[in-house]
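Shown next, in structure tokens, is the structure this report addresses.
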Amino acid sequence: MLALSFMRHAFIASTFIAIVSGFVGVFVVARNLSFLTHTLSEIGFAGGAFAVFIGWPVLNGMILFTMLSSILVGQMSIKESRREAVTSAVSALFIGLGILFLSLSSANASSATNILFGSVVGINLTEVWQLIYLSIIVILVIFAVYRQLKFTSFDAIGARVSGINATLYSVIFLIILALSVSVAAQIVGSLLIFILLTLPAASAKYFTHGVAKMIGLAILFSLLGTWLGLFLGYITNWPVSFFIAVIEVAIYCCALMKQKLSGAE
């Protein structure tokens, strides 16, 4: 399997994507931003379709759209009373834009499928390096603001009392999330991106305590899903994203069962 260059590229790319997803996912869950991850996935679809329309690499279009939209959508959705309406409106708008861009382009149906559901086995070496660079940037930024990000994510009231600029770190995290969505979409596609950015972290919190331990376990669950998904996709010729989804859901169900059996709330 690893004798094939495209499978080597896929495993390298999936490794970095899983690491980024584990890091970022813990803060997504802590900040209750799963809804925003889902919204950014639709924005990423529109960005990928726009890239196909004008002849750009798909990743570039996703980064452009998610980066420009993340802060705006995040700020619009702060109030829970309007979160559902904002999410629905933005999702509908960008799905419509994505369909428009694809219809105006000369791309075939496979282009739309790759954007929506990922095309990990089609990643070339140039795209692998691009993913690696972006992943390193995301991880370095997280390390640079780790203490403040942890404080504002897990103890927002304490952070405000301590004088930490919560708004600033919220904006920084939204940018990190936008980059992560664009990076991880290469594996599971724009419509399934919330799988890697939410489920591994949501599962990890039932098995351990402490932010660092949760991040480590979320990365482990992400790696398990992507690596095993790639292997099963290779031997069955079924979509890799399907196996990743099933594996991560299975891990989450196991986490819920553990929680129930332990009798904890």
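Every chain in the structure tokens has a letter given in the order shown (A, B, ...), and although residue numbers restart at 1 in each chain, ligands are simply numbered from 1 in the order shown.
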* Surrounding residues of Ile187 in chain A excluding itself and chain neighbours under 6 positions, 12 Å, only C-alpha atoms, as a VMD selection string -> chain A and resid 9 to 18 21 59 114 to 123 127 to 128 131 180 to 181 193 to 197 222 to 223 225 to 227 229 to 230 239 to 245
Residues just named, written with N, CA and C atoms as a tab-separated table (two decimals), in the first residue's frame:
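Result file is selection.tsv:
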```
chain	number	residue	atom	x	y	z
A	9	HIS	N	1.42	10.06	0.22
A	9	HIS	CA	0.98	11.45	0.35
A	9	HIS	C	-0.26	11.54	1.25
A	10	ALA	N	-1.18	10.61	1.07
A	10	ALA	CA	-2.42	10.62	1.85
A	10	ALA	C	-2.15	10.41	3.33
A	11	PHE	N	-1.25	9.49	3.66
A	11	PHE	CA	-0.95	9.22	5.06
A	11	PHE	C	-0.21	10.40	5.71
A	12	ILE	N	0.69	11.02	4.98
A	12	ILE	CA	1.40	12.19	5.51
A	12	ILE	C	0.43	13.33	5.75
A	13	ALA	N	-0.41	13.60	4.75
A	13	ALA	CA	-1.38	14.69	4.88
A	13	ALA	C	-2.36	14.42	6.01
A	14	SER	N	-2.85	13.19	6.12
A	14	SER	CA	-3.82	12.86	7.15
A	14	SER	C	-3.22	12.96	8.54
A	15	THR	N	-1.94	12.66	8.66
A	15	THR	CA	-1.27	12.77	9.96
A	15	THR	C	-1.27	14.20	10.46
A	16	PHE	N	-0.88	15.13	9.60
A	16	PHE	CA	-0.86	16.53	10.00
A	16	PHE	C	-2.26	17.07	10.23
A	17	ILE	N	-3.20	16.65	9.40
A	17	ILE	CA	-4.58	17.10	9.58
A	17	ILE	C	-5.14	16.59	10.91
A	18	ALA	N	-4.83	15.35	11.26
A	18	ALA	CA	-5.31	14.79	12.52
A	18	ALA	C	-4.71	15.53	13.71
A	21	SER	N	-6.45	18.89	13.93
A	21	SER	CA	-7.83	18.70	14.38
A	21	SER	C	-7.89	18.42	15.87
A	59	LEU	N	-7.73	24.46	-2.21
A	59	LEU	CA	-7.36	24.88	-0.86
A	59	LEU	C	-7.26	26.39	-0.73
A	114	ASN	N	-15.33	15.98	-4.94
A	114	ASN	CA	-14.08	16.12	-4.21
A	114	ASN	C	-14.15	17.23	-3.18
A	115	ILE	N	-14.79	18.35	-3.53
A	115	ILE	CA	-14.92	19.47	-2.60
A	115	ILE	C	-15.81	19.08	-1.42
A	116	LEU	N	-16.91	18.41	-1.72
A	116	LEU	CA	-17.89	18.09	-0.68
A	116	LEU	C	-17.42	16.97	0.24
A	117	PHE	N	-16.77	15.96	-0.33
A	117	PHE	CA	-16.47	14.76	0.45
A	117	PHE	C	-14.98	14.43	0.54
A	118	GLY	N	-14.13	15.31	0.03
A	118	GLY	CA	-12.70	15.08	0.14
A	118	GLY	C	-12.13	14.26	-1.00
A	119	SER	N	-10.84	14.37	-1.19
A	119	SER	CA	-10.18	13.63	-2.26
A	119	SER	C	-8.76	13.30	-1.82
A	120	VAL	N	-8.67	12.64	-0.68
A	120	VAL	CA	-7.36	12.44	-0.06
A	120	VAL	C	-6.41	11.65	-0.95
A	121	VAL	N	-6.92	10.67	-1.70
A	121	VAL	CA	-6.04	9.87	-2.54
A	121	VAL	C	-5.59	10.62	-3.78
A	122	GLY	N	-6.14	11.82	-3.99
A	122	GLY	CA	-5.74	12.62	-5.14
A	122	GLY	C	-4.80	13.75	-4.79
A	123	ILE	N	-4.35	13.81	-3.54
A	123	ILE	CA	-3.46	14.89	-3.10
A	123	ILE	C	-2.07	14.68	-3.67
A	127	GLU	N	0.54	19.82	-2.85
A	127	GLU	CA	-0.55	20.04	-1.90
A	127	GLU	C	-0.21	19.51	-0.52
A	128	VAL	N	0.55	18.41	-0.47
A	128	VAL	CA	0.99	17.87	0.82
A	128	VAL	C	1.86	18.88	1.55
A	131	LEU	N	-0.22	21.71	2.88
A	131	LEU	CA	-0.92	21.30	4.10
A	131	LEU	C	0.02	21.28	5.30
A	180	SER	N	-7.94	25.72	9.98
A	180	SER	CA	-8.08	24.30	10.27
A	180	SER	C	-9.17	23.66	9.42
A	181	VAL	N	-10.28	24.38	9.24
A	181	VAL	CA	-11.37	23.88	8.40
A	181	VAL	C	-10.87	23.67	6.97
A	193	ILE	N	-16.50	18.13	7.63
A	193	ILE	CA	-15.35	18.65	8.35
A	193	ILE	C	-15.56	18.63	9.85
A	194	PHE	N	-16.80	18.82	10.29
A	194	PHE	CA	-17.06	18.87	11.73
A	194	PHE	C	-16.75	17.54	12.41
A	195	ILE	N	-16.62	16.46	11.64
A	195	ILE	CA	-16.29	15.16	12.23
A	195	ILE	C	-14.95	15.22	12.94
A	196	LEU	N	-13.90	15.60	12.23
A	196	LEU	CA	-12.56	15.63	12.82
A	196	LEU	C	-12.37	16.78	13.80
A	197	LEU	N	-13.10	17.86	13.62
A	197	LEU	CA	-12.91	19.02	14.48
A	197	LEU	C	-13.81	19.02	15.72
A	222	SER	N	-8.12	11.16	16.37
A	222	SER	CA	-8.10	11.66	14.99
A	222	SER	C	-7.18	10.82	14.12
A	223	LEU	N	-6.02	10.49	14.64
A	223	LEU	CA	-5.07	9.65	13.89
A	223	LEU	C	-5.66	8.27	13.64
A	225	GLY	N	-8.80	7.44	13.40
A	225	GLY	CA	-9.84	7.54	12.39
A	225	GLY	C	-9.30	7.71	10.98
A	226	THR	N	-8.33	8.61	10.82
A	226	THR	CA	-7.80	8.88	9.48
A	226	THR	C	-6.94	7.74	8.96
A	227	TRP	N	-6.05	7.20	9.79
A	227	TRP	CA	-5.19	6.11	9.34
A	227	TRP	C	-6.00	4.85	9.02
A	229	GLY	N	-9.17	4.74	8.42
A	229	GLY	CA	-10.04	5.07	7.30
A	229	GLY	C	-9.34	4.95	5.97
A	230	LEU	N	-8.09	5.41	5.91
A	230	LEU	CA	-7.30	5.28	4.68
A	230	LEU	C	-7.05	3.82	4.33
A	239	PRO	N	-15.36	5.16	-0.08
A	239	PRO	CA	-14.88	6.50	0.27
A	239	PRO	C	-14.21	6.53	1.64
A	240	VAL	N	-13.05	7.15	1.69
A	240	VAL	CA	-12.30	7.27	2.95
A	240	VAL	C	-13.11	8.03	3.99
A	241	SER	N	-13.80	9.08	3.56
A	241	SER	CA	-14.56	9.91	4.49
A	241	SER	C	-15.66	9.09	5.19
A	242	PHE	N	-16.21	8.10	4.50
A	242	PHE	CA	-17.22	7.24	5.12
A	242	PHE	C	-16.63	6.49	6.31
A	243	PHE	N	-15.46	5.90	6.10
A	243	PHE	CA	-14.83	5.13	7.18
A	243	PHE	C	-14.41	6.04	8.33
A	244	ILE	N	-13.90	7.22	8.02
A	244	ILE	CA	-13.51	8.16	9.08
A	244	ILE	C	-14.73	8.52	9.92
A	245	ALA	N	-15.84	8.80	9.25
A	245	ALA	CA	-17.06	9.16	9.97
A	245	ALA	C	-17.52	8.02	10.88
```
List the spatial neighbours of range 41-50 of chain A as an MDAnalysis selection string - criterion: any atom at most 7 Å away, only C-alpha atoms, same-chain residues fewer than 2 positions off excluded. chainID A and resid 37:39 52:54 58:59 61:62 64:66 91 94:95 97:98 101:102 115:116 181:182 190:191 193
Check: Nearest to Val90 in chain A among A:Phe35, A:Ile136, A:Met67, A:Leu199, with distances taken over only C-alpha atoms: which residue is it?
Finding: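 Checking each candidate against Val90 in chain A, we get A:Phe35 as the closest.
The list of residues with at least one atom within 10 Å of Phe143 in chain A, based on only C-alpha atoms and without residues fewer than 6 positions apart in the same chain, reads Phe23, Ile137 and Leu149 of chain A.
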List as a ChimeraX atom specification the protein and nucleic acid residues near Ser162 in chain A, meaning an atom at most 12 Å away when only C-alpha atoms are counted, but skip any in the same chain fewer than 6 places from it. /A:148,151-152,155-156
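Taking CA of Phe207 in chain A as the reference point, CA of Gln259 in chain A is found at 8.3 Å.
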>> If we count only C-alpha atoms and set the cut-off at 12 Å, which residues sit around Leu217 in chain A, ignoring sequence neighbours fewer than 2 positions away in its own chain? Please answer as a ChimeraX atom specification.
In response: /A:18-19,21-23,25-26,199-215,219-224,251,255
